[in-house]
Amino acid sequence: MRSLWALAAALILLTFSFGQQTDQPKSQNPKKPAAAQSTEKSAENPSIKPEPAPEQRPAARESSPDREKDKDKEKEEHYDMTEAPPVATHHQITVSGKLFKYTATAGRLPIKRGDGKIEAEMFYVAYTLDGQDAAKRPVTFAFNGGPGSASIWLHMGALGPKKVVLQADGFMPPAPYRMEDNPYTLLDKSDLVLIDAIGTGFSRAADAELFKKFWGVKGDIEAFSEFIRLYISRNERWSSPLFILGESYGTTRAAGIAGYLADHGISFNGITLLSMVLNFETLEDNNTNDQPYIFLIPSFTMIAAYHHKLAPDLAQNLTRAREESERWASGEYAQALAKGDALSPEEREKVIEQMARYTGLSKEVIDEADLRVNVRKFTHYLLIDQKVRVGRLDGRYTGPDPNGLLDTPFYDPTGSATQPPFTSVFNNYLRTELGYKIDMPYYVRAQDIGFDKWDWGSAIQGFPDTASAMRQAIVKNPYLKILVMEGYYDLATPYHAANYTIQHLNLPAKYRDNISYATYDSGHMVYLPTEGLKKMKADQVSFMEKAGAP
């Protein structure tokens with residue numbers, strides 16, 4: 001499983017903001033900050049700074065010559081779990097020519113054990129339209145993945161009333177970075193609750209040992225499930241239409257939540273799976289699992305076409321090329337890989353020729369890779385003649401390797417182009433317009449917690465999987481609707497792998513009819529290009545209406 005951690009690590013964008021945990025946010029105050037008052041009238045490039053003091057950061061997991069000393073240090077680290085009132089500010093926005101007034105609430109909800117002791121607090125920002133009937137108004141719980149990523153990407157890139165300003169194609173603009181009203185926010189159709197996983201954002205466990213409890217498939221699902229239960233209880237939203245929207249590992253989590261809460265009296269109208277991975281067997285290869293290589297081929301085809309590396313006859317019609325690539329990958333290519341060492345030289349040569357045709361790679365690279373090209377090799381070799389690497393999260397992005405063409409182990413230009421504007425804008429937005437003034441650092445990604453510390457669940461048979469939990473939720477609620485959103489240029493969670501997982505849920509026909517798909521000419525974050533964001537909003541609204549949202 002070591003290669004899983006390496007493969008998955010790029011999912012978490014390596015950036016964070018700094019500060020010191022010295023106070024709690026101020027409770028709601030009738031004298032709102034100037035920034036909040038101005039919003040009522042109208043509607044990161046992080047520098048390297050010293051680490052927070054030991055008692056102010058999550059438990060250190062890094063290796064040390066003195067292991068016992070590190071363990072003692074971890075035991076001393078803890079966070080104040082005293083509940084503080086959330087901060088509410090009032091704003092307005094115009095969407096499709098109509099003015100909407102809304103309340104933004106930023107705060108943390110406690111995750112308690114049976115005797116009432118708080119074990120963790122989860123940070124969230126909720127947006128609710130003013131003057132609405134709560135019983136009819138939908139609520140969408142949304143989160144990113146990682147595992148170990150905060151939810152600023154969905155928050156400031158797709159769903160929230162404010163968004164980071166990017167170029168029209170989704171690429172990075174010049175600094176300084178800014179935000180603007182989001183004309184495609186989902187707020188006009190649903191209240192929104194953006195949630196940060198424990199260890200990210202301002203979400204913290206009480207101490208190092210409790211971090212371990214929540215830092216895994218099971219603990220993470222249970223924490224988010226408890227958050228949802230508590231939120232709808234405290235805000236009296238039990239009768240509201242309920243939706244989940246998860247991205248990346250957030251889809252793994254969403255499926256688990258749906259299965260878990262189905263047995264705890266909470267049913268959802270709809271679940272949106274953006275850049276989906278429910279079964280990691282479709283992503284993680286080993287000597288007896290060739291599935292990931294097969295599912296990558298159609299995405300390789302699309303990325304090669306984008307960079308003008310596809311065979312000319314295929315490039316003339318990308319829809320036909322993609323479908324042809326899918327058939328070849330699942331047919332001749334899969335059969336060839338299944339033969340392993342028994343593949344004849346003639347068969348091998350034929351596969352090499354076809355694979356070069358569908359991927360834009362040289363025959364030499366394919367031969368040296370033994371017909372099995374992973375993400376690392378493809379992103380390195382596709383444009384090696386130009387001495388640049390293509391992106392993993394989004395194959396449209398390109399950039400030189402930071403340490404040199406042959407010396408950088410792995411690099412994703414997507415992260416370098418997205419993390420600075422999102423981190424900078426969101427930290428400023430929290431403190432000014434949302435009035436959430438706290439010195440605790442906002443962790444865009446979990447700190448000091450490697451993927452080898454994530455508990456993937458020893459009881460799971462070989463590969464992490466929540467597809468079974470999703471199936472249970474679907475068959476227990478015949479009205480539950482599922483929307484799968486997928487980008488053609490995404491190598492982190494290839495669309496062909498997502499389709500395979502859904503097609504193997506073993507569902508009766510009437511349940512299969514409740515699952516729909518939306519595809520995008522973009523990468524992992526389909527909403528980065530303006531056209532992708534616009535389409536995502538339209539697809540989500542149509543889906544919610546079919547799922548019972550008024």
# chains A, B, ... in the order shown; residues from 1 in each chain; ligands from 1
>>> residues_around(residues="His524 of chain A", least_positions_apart="3", cutoff="6 Å", atoms="only C-alpha atoms", output="VMD selection string")
chain A and resid 275 393 to 394 487 490
>>> write_last_selection(atoms="N, CA and C atoms", output="PDB file, in the first residue's frame")
ATOM      1  N   SER A 275     -15.796  14.135  -8.719  1.00  0.00           N
ATOM      2  CA  SER A 275     -14.470  13.518  -8.828  1.00  0.00           C
ATOM      3  C   SER A 275     -14.399  12.336  -7.859  1.00  0.00           C
ATOM      4  N   LEU A 393      -4.028  16.609 -10.992  1.00  0.00           N
ATOM      5  CA  LEU A 393      -5.402  16.978 -10.679  1.00  0.00           C
ATOM      6  C   LEU A 393      -6.111  17.540 -11.900  1.00  0.00           C
ATOM      7  N   ASP A 394      -5.352  18.173 -12.769  1.00  0.00           N
ATOM      8  CA  ASP A 394      -5.924  18.736 -13.986  1.00  0.00           C
ATOM      9  C   ASP A 394      -4.848  18.691 -15.060  1.00  0.00           C
ATOM     10  N   GLY A 487     -14.559  15.057 -14.387  1.00  0.00           N
ATOM     11  CA  GLY A 487     -13.816  15.835 -15.355  1.00  0.00           C
ATOM     12  C   GLY A 487     -12.953  14.943 -16.233  1.00  0.00           C
ATOM     13  N   ASP A 490      -8.949  14.719 -15.414  1.00  0.00           N
ATOM     14  CA  ASP A 490      -8.615  14.384 -14.024  1.00  0.00           C
ATOM     15  C   ASP A 490      -7.888  13.042 -13.978  1.00  0.00           C
TER      16      ASP A 490
END
>>> residues_around(residues="Ile482 of chain A", least_positions_apart="6", cutoff="12 Å", atoms="only C-alpha atoms", output="ChimeraX atom specification")
/A:243-246,251,254-255,258,268-274,276,470-471,473-474,502,511-518,540,543-544,546-547
>>> residues_around(residues="Leu310 of chain A", least_positions_apart="6", cutoff="10 Å", atoms="only C-alpha atoms", output="number ranges by chain")
A: 300-304, 316, 318, 321, 356-361
>>> select_by_dssp(residues="segment 115-177 of chain A", states="helix (DSSP H, G or I)", output="ChimeraX atom specification")
/A:152-159
>>> write_last_selection(atoms="C-alpha atoms", output="JSON list (two decimals), in the first residue's frame")
[["chain", "number", "residue", "atom", "x", "y", "z"],
["A", 152, "ILE", "CA", -12.04, 26.07, 0.85],
["A", 153, "TRP", "CA", -12.01, 24.73, -2.72],
["A", 154, "LEU", "CA", -15.74, 24.03, -2.90],
["A", 155, "HIS", "CA", -16.39, 27.01, -0.64],
["A", 156, "MET", "CA", -14.55, 29.68, -2.63],
["A", 157, "GLY", "CA", -14.47, 27.99, -6.02],
["A", 158, "ALA", "CA", -17.98, 26.66, -6.56],
["A", 159, "LEU", "CA", -20.75, 26.85, -3.98]]
>>> residues_around(residues="Tyr177 of chain A", least_positions_apart="4", cutoff="8 Å", atoms="only C-alpha atoms", output="list in words")
Val164, Val165, Pro173, Pro421, Ser424 and Val425 of chain A
>>> residues_around(residues="Arg108 of chain A", least_positions_apart="4", cutoff="10 Å", atoms="only C-alpha atoms", output="ChimeraX atom specification")
/A:81,83-87,120-125,195-196,202-204,227
>>> residues_around(residues="Asp191 of chain A", least_positions_apart="6", cutoff="9 Å", atoms="only C-alpha atoms", output="MDAnalysis selection string")
chainID A and resid 126:129 137:141
>>> residues_around(residues="Ala538 of chain A", least_positions_apart="4", cutoff="12 Å", atoms="only C-alpha atoms", output="number ranges by chain")
A: 158-159, 183-186, 189, 518, 527, 531-534, 542-545
>>> select_by_dssp(residues="segment 325-537 of chain A", states="strand (DSSP E)", output="list in words")
Arg389, Val390, Thr398, Gly399, Lys481, Ile482, Leu483, Val484, Met485, Glu486, Gly487, Ile515, Ser516, Tyr517, Ala518, Thr519 and Tyr520 of chain A
>>> closest_residue(among="A:Ala446, A:Leu491, A:Leu242, A:Ile297", to="Ala197 of chain A", atoms="only C-alpha atoms")
A:Ala446
>>> closest_residue(among="A:Pro402, A:Ala135, A:Ala206, A:Tyr520", to="Thr82 of chain A", atoms="only C-alpha atoms")
A:Ala206
>>> closest_residue(among="A:Asn317, A:Ala142, A:Leu337, A:Ser468", to="Val193 of chain A", atoms="only C-alpha atoms")
A:Ala142
>>> atom_distance(atom1="atom CA of Ile266 of chain A", atom2="atom CA of Ser233 of chain A")
11.4 Å
>>> closest_residue(among="A:Ala467, A:Pro441, A:His78, A:Met525", to="Gln503 of chain A", atoms="only C-alpha atoms")
A:Ala467
>>> closest_residue(among="A:Gly97, A:Gly107, A:Gly259, A:Pro494", to="Ser522 of chain A", atoms="only C-alpha atoms")
A:Pro494
>>> atom_distance(atom1="atom CA of Leu278 of chain A", atom2="atom CA of Leu483 of chain A")
13.7 Å
>>> closest_residue(among="A:Pro292, A:Pro147, A:Gly340, A:Pro174", to="Thr200 of chain A", atoms="only C-alpha atoms")
A:Pro147
>>> atom_distance(atom1="atom CA of Asn235 of chain A", atom2="atom CA of Lys162 of chain A")
23.3 Å
>>> decode(residues="segment 160-197 of chain A", atoms="N, CA, C and O atoms", output="PDB file, in the first residue's frame")
ATOM      1  N   GLY A 160     -20.127  28.749  -2.601  1.00  0.00           N
ATOM      2  CA  GLY A 160     -20.394  29.904  -1.755  1.00  0.00           C
ATOM      3  C   GLY A 160     -20.777  31.153  -2.522  1.00  0.00           C
ATOM      4  O   GLY A 160     -20.618  31.235  -3.740  1.00  0.00           O
ATOM      5  N   PRO A 161     -21.269  32.164  -1.815  1.00  0.00           N
ATOM      6  CA  PRO A 161     -21.674  33.421  -2.460  1.00  0.00           C
ATOM      7  C   PRO A 161     -20.493  34.284  -2.905  1.00  0.00           C
ATOM      8  O   PRO A 161     -20.680  35.247  -3.646  1.00  0.00           O
ATOM      9  N   LYS A 162     -19.300  33.951  -2.443  1.00  0.00           N
ATOM     10  CA  LYS A 162     -18.087  34.625  -2.886  1.00  0.00           C
ATOM     11  C   LYS A 162     -17.155  33.605  -3.514  1.00  0.00           C
ATOM     12  O   LYS A 162     -17.100  32.449  -3.089  1.00  0.00           O
ATOM     13  N   LYS A 163     -16.393  34.019  -4.525  1.00  0.00           N
ATOM     14  CA  LYS A 163     -15.472  33.111  -5.178  1.00  0.00           C
ATOM     15  C   LYS A 163     -14.154  33.805  -5.463  1.00  0.00           C
ATOM     16  O   LYS A 163     -14.080  35.026  -5.608  1.00  0.00           O
ATOM     17  N   VAL A 164     -13.100  32.991  -5.538  1.00  0.00           N
ATOM     18  CA  VAL A 164     -11.787  33.482  -5.908  1.00  0.00           C
ATOM     19  C   VAL A 164     -11.802  33.856  -7.387  1.00  0.00           C
ATOM     20  O   VAL A 164     -12.348  33.136  -8.218  1.00  0.00           O
ATOM     21  N   VAL A 165     -11.210  34.998  -7.715  1.00  0.00           N
ATOM     22  CA  VAL A 165     -11.128  35.417  -9.109  1.00  0.00           C
ATOM     23  C   VAL A 165      -9.988  34.663  -9.793  1.00  0.00           C
ATOM     24  O   VAL A 165      -8.827  34.737  -9.367  1.00  0.00           O
ATOM     25  N   LEU A 166     -10.324  33.913 -10.828  1.00  0.00           N
ATOM     26  CA  LEU A 166      -9.348  33.196 -11.644  1.00  0.00           C
ATOM     27  C   LEU A 166      -9.492  33.663 -13.087  1.00  0.00           C
ATOM     28  O   LEU A 166     -10.425  34.399 -13.432  1.00  0.00           O
ATOM     29  N   GLN A 167      -8.575  33.239 -13.928  1.00  0.00           N
ATOM     30  CA  GLN A 167      -8.761  33.478 -15.340  1.00  0.00           C
ATOM     31  C   GLN A 167      -9.931  32.636 -15.841  1.00  0.00           C
ATOM     32  O   GLN A 167     -10.338  31.669 -15.202  1.00  0.00           O
ATOM     33  N   ALA A 168     -10.471  32.986 -16.989  1.00  0.00           N
ATOM     34  CA  ALA A 168     -11.671  32.315 -17.494  1.00  0.00           C
ATOM     35  C   ALA A 168     -11.475  30.817 -17.659  1.00  0.00           C
ATOM     36  O   ALA A 168     -12.408  30.036 -17.460  1.00  0.00           O
ATOM     37  N   ASP A 169     -10.240  30.391 -17.992  1.00  0.00           N
ATOM     38  CA  ASP A 169      -9.971  28.965 -18.171  1.00  0.00           C
ATOM     39  C   ASP A 169      -9.642  28.269 -16.861  1.00  0.00           C
ATOM     40  O   ASP A 169      -9.331  27.081 -16.836  1.00  0.00           O
ATOM     41  N   GLY A 170      -9.685  29.022 -15.755  1.00  0.00           N
ATOM     42  CA  GLY A 170      -9.417  28.441 -14.441  1.00  0.00           C
ATOM     43  C   GLY A 170      -7.974  28.544 -14.014  1.00  0.00           C
ATOM     44  O   GLY A 170      -7.617  28.083 -12.925  1.00  0.00           O
ATOM     45  N   PHE A 171      -7.127  29.150 -14.834  1.00  0.00           N
ATOM     46  CA  PHE A 171      -5.712  29.247 -14.501  1.00  0.00           C
ATOM     47  C   PHE A 171      -5.457  30.417 -13.560  1.00  0.00           C
ATOM     48  O   PHE A 171      -6.276  31.305 -13.375  1.00  0.00           O
ATOM     49  N   MET A 172      -4.290  30.405 -12.965  1.00  0.00           N
ATOM     50  CA  MET A 172      -3.899  31.357 -11.916  1.00  0.00           C
ATOM     51  C   MET A 172      -3.745  32.778 -12.469  1.00  0.00           C
ATOM     52  O   MET A 172      -3.071  32.994 -13.475  1.00  0.00           O
ATOM     53  N   PRO A 173      -4.350  33.776 -11.806  1.00  0.00           N
ATOM     54  CA  PRO A 173      -4.148  35.166 -12.205  1.00  0.00           C
ATOM     55  C   PRO A 173      -2.918  35.739 -11.503  1.00  0.00           C
ATOM     56  O   PRO A 173      -2.380  35.118 -10.581  1.00  0.00           O
ATOM     57  N   PRO A 174      -2.463  36.918 -11.902  1.00  0.00           N
ATOM     58  CA  PRO A 174      -1.347  37.536 -11.176  1.00  0.00           C
ATOM     59  C   PRO A 174      -1.794  38.036  -9.803  1.00  0.00           C
ATOM     60  O   PRO A 174      -2.957  38.379  -9.610  1.00  0.00           O
ATOM     61  N   ALA A 175      -0.870  38.069  -8.839  1.00  0.00           N
ATOM     62  CA  ALA A 175      -1.165  38.618  -7.512  1.00  0.00           C
ATOM     63  C   ALA A 175      -1.258  40.146  -7.624  1.00  0.00           C
ATOM     64  O   ALA A 175      -0.709  40.740  -8.545  1.00  0.00           O
ATOM     65  N   PRO A 176      -1.919  40.821  -6.678  1.00  0.00           N
ATOM     66  CA  PRO A 176      -2.619  40.272  -5.511  1.00  0.00           C
ATOM     67  C   PRO A 176      -3.947  39.631  -5.909  1.00  0.00           C
ATOM     68  O   PRO A 176      -4.585  40.054  -6.865  1.00  0.00           O
ATOM     69  N   TYR A 177      -4.339  38.627  -5.143  1.00  0.00           N
ATOM     70  CA  TYR A 177      -5.530  37.866  -5.458  1.00  0.00           C
ATOM     71  C   TYR A 177      -6.753  38.507  -4.812  1.00  0.00           C
ATOM     72  O   TYR A 177      -6.664  39.153  -3.769  1.00  0.00           O
ATOM     73  N   ARG A 178      -7.898  38.318  -5.410  1.00  0.00           N
ATOM     74  CA  ARG A 178      -9.118  38.944  -4.900  1.00  0.00           C
ATOM     75  C   ARG A 178     -10.304  38.019  -5.092  1.00  0.00           C
ATOM     76  O   ARG A 178     -10.210  36.974  -5.750  1.00  0.00           O
ATOM     77  N   MET A 179     -11.419  38.409  -4.504  1.00  0.00           N
ATOM     78  CA  MET A 179     -12.642  37.631  -4.653  1.00  0.00           C
ATOM     79  C   MET A 179     -13.726  38.508  -5.250  1.00  0.00           C
ATOM     80  O   MET A 179     -13.592  39.737  -5.340  1.00  0.00           O
ATOM     81  N   GLU A 180     -14.809  37.873  -5.640  1.00  0.00           N
ATOM     82  CA  GLU A 180     -15.937  38.570  -6.234  1.00  0.00           C
ATOM     83  C   GLU A 180     -17.214  37.813  -5.887  1.00  0.00           C
ATOM     84  O   GLU A 180     -17.166  36.674  -5.414  1.00  0.00           O
ATOM     85  N   ASP A 181     -18.361  38.446  -6.098  1.00  0.00           N
ATOM     86  CA  ASP A 181     -19.622  37.729  -5.936  1.00  0.00           C
ATOM     87  C   ASP A 181     -19.656  36.557  -6.914  1.00  0.00           C
ATOM     88  O   ASP A 181     -19.214  36.676  -8.061  1.00  0.00           O
ATOM     89  N   ASN A 182     -20.169  35.442  -6.446  1.00  0.00           N
ATOM     90  CA  ASN A 182     -20.252  34.236  -7.278  1.00  0.00           C
ATOM     91  C   ASN A 182     -21.619  34.173  -7.956  1.00  0.00           C
ATOM     92  O   ASN A 182     -22.618  33.856  -7.315  1.00  0.00           O
ATOM     93  N   PRO A 183     -21.688  34.478  -9.246  1.00  0.00           N
ATOM     94  CA  PRO A 183     -22.989  34.463  -9.924  1.00  0.00           C
ATOM     95  C   PRO A 183     -23.582  33.071 -10.045  1.00  0.00           C
ATOM     96  O   PRO A 183     -24.760  32.926 -10.377  1.00  0.00           O
ATOM     97  N   TYR A 184     -22.762  32.042  -9.779  1.00  0.00           N
ATOM     98  CA  TYR A 184     -23.230  30.662  -9.899  1.00  0.00           C
ATOM     99  C   TYR A 184     -23.282  29.957  -8.548  1.00  0.00           C
ATOM    100  O   TYR A 184     -23.239  28.723  -8.473  1.00  0.00           O
ATOM    101  N   THR A 185     -23.383  30.738  -7.470  1.00  0.00           N
ATOM    102  CA  THR A 185     -23.524  30.139  -6.143  1.00  0.00           C
ATOM    103  C   THR A 185     -24.793  29.297  -6.084  1.00  0.00           C
ATOM    104  O   THR A 185     -25.801  29.607  -6.747  1.00  0.00           O
ATOM    105  N   LEU A 186     -24.758  28.262  -5.285  1.00  0.00           N
ATOM    106  CA  LEU A 186     -25.931  27.402  -5.101  1.00  0.00           C
ATOM    107  C   LEU A 186     -26.894  27.968  -4.054  1.00  0.00           C
ATOM    108  O   LEU A 186     -27.962  27.415  -3.826  1.00  0.00           O
ATOM    109  N   LEU A 187     -26.541  29.081  -3.446  1.00  0.00           N
ATOM    110  CA  LEU A 187     -27.300  29.614  -2.319  1.00  0.00           C
ATOM    111  C   LEU A 187     -28.724  30.003  -2.694  1.00  0.00           C
ATOM    112  O   LEU A 187     -29.613  29.978  -1.837  1.00  0.00           O
ATOM    113  N   ASP A 188     -28.968  30.373  -3.942  1.00  0.00           N
ATOM    114  CA  ASP A 188     -30.333  30.735  -4.312  1.00  0.00           C
ATOM    115  C   ASP A 188     -31.260  29.527  -4.325  1.00  0.00           C
ATOM    116  O   ASP A 188     -32.480  29.675  -4.253  1.00  0.00           O
ATOM    117  N   LYS A 189     -30.665  28.303  -4.380  1.00  0.00           N
ATOM    118  CA  LYS A 189     -31.471  27.086  -4.423  1.00  0.00           C
ATOM    119  C   LYS A 189     -31.397  26.258  -3.144  1.00  0.00           C
ATOM    120  O   LYS A 189     -32.271  25.429  -2.896  1.00  0.00           O
ATOM    121  N   SER A 190     -30.358  26.473  -2.334  1.00  0.00           N
ATOM    122  CA  SER A 190     -30.173  25.650  -1.142  1.00  0.00           C
ATOM    123  C   SER A 190     -29.351  26.402  -0.116  1.00  0.00           C
ATOM    124  O   SER A 190     -28.420  27.133  -0.471  1.00  0.00           O
ATOM    125  N   ASP A 191     -29.683  26.232   1.167  1.00  0.00           N
ATOM    126  CA  ASP A 191     -28.771  26.677   2.211  1.00  0.00           C
ATOM    127  C   ASP A 191     -27.529  25.798   2.139  1.00  0.00           C
ATOM    128  O   ASP A 191     -27.596  24.635   1.720  1.00  0.00           O
ATOM    129  N   LEU A 192     -26.394  26.350   2.563  1.00  0.00           N
ATOM    130  CA  LEU A 192     -25.118  25.658   2.415  1.00  0.00           C
ATOM    131  C   LEU A 192     -24.407  25.543   3.745  1.00  0.00           C
ATOM    132  O   LEU A 192     -24.405  26.501   4.534  1.00  0.00           O
ATOM    133  N   VAL A 193     -23.789  24.400   4.004  1.00  0.00           N
ATOM    134  CA  VAL A 193     -22.955  24.213   5.184  1.00  0.00           C
ATOM    135  C   VAL A 193     -21.640  23.611   4.716  1.00  0.00           C
ATOM    136  O   VAL A 193     -21.594  22.445   4.315  1.00  0.00           O
ATOM    137  N   LEU A 194     -20.574  24.414   4.739  1.00  0.00           N
ATOM    138  CA  LEU A 194     -19.245  23.957   4.335  1.00  0.00           C
ATOM    139  C   LEU A 194     -18.496  23.510   5.579  1.00  0.00           C
ATOM    140  O   LEU A 194     -18.332  24.275   6.526  1.00  0.00           O
ATOM    141  N   ILE A 195     -17.999  22.270   5.588  1.00  0.00           N
ATOM    142  CA  ILE A 195     -17.443  21.657   6.797  1.00  0.00           C
ATOM    143  C   ILE A 195     -15.984  21.283   6.569  1.00  0.00           C
ATOM    144  O   ILE A 195     -15.617  20.749   5.520  1.00  0.00           O
ATOM    145  N   ASP A 196     -15.146  21.551   7.585  1.00  0.00           N
ATOM    146  CA  ASP A 196     -13.732  21.166   7.533  1.00  0.00           C
ATOM    147  C   ASP A 196     -13.503  19.922   8.392  1.00  0.00           C
ATOM    148  O   ASP A 196     -13.937  19.863   9.548  1.00  0.00           O
ATOM    149  N   ALA A 197     -12.792  18.959   7.825  1.00  0.00           N
ATOM    150  CA  ALA A 197     -12.476  17.734   8.553  1.00  0.00           C
ATOM    151  C   ALA A 197     -11.584  18.038   9.753  1.00  0.00           C
ATOM    152  O   ALA A 197     -10.839  19.032   9.762  1.00  0.00           O
TER     153      ALA A 197
END
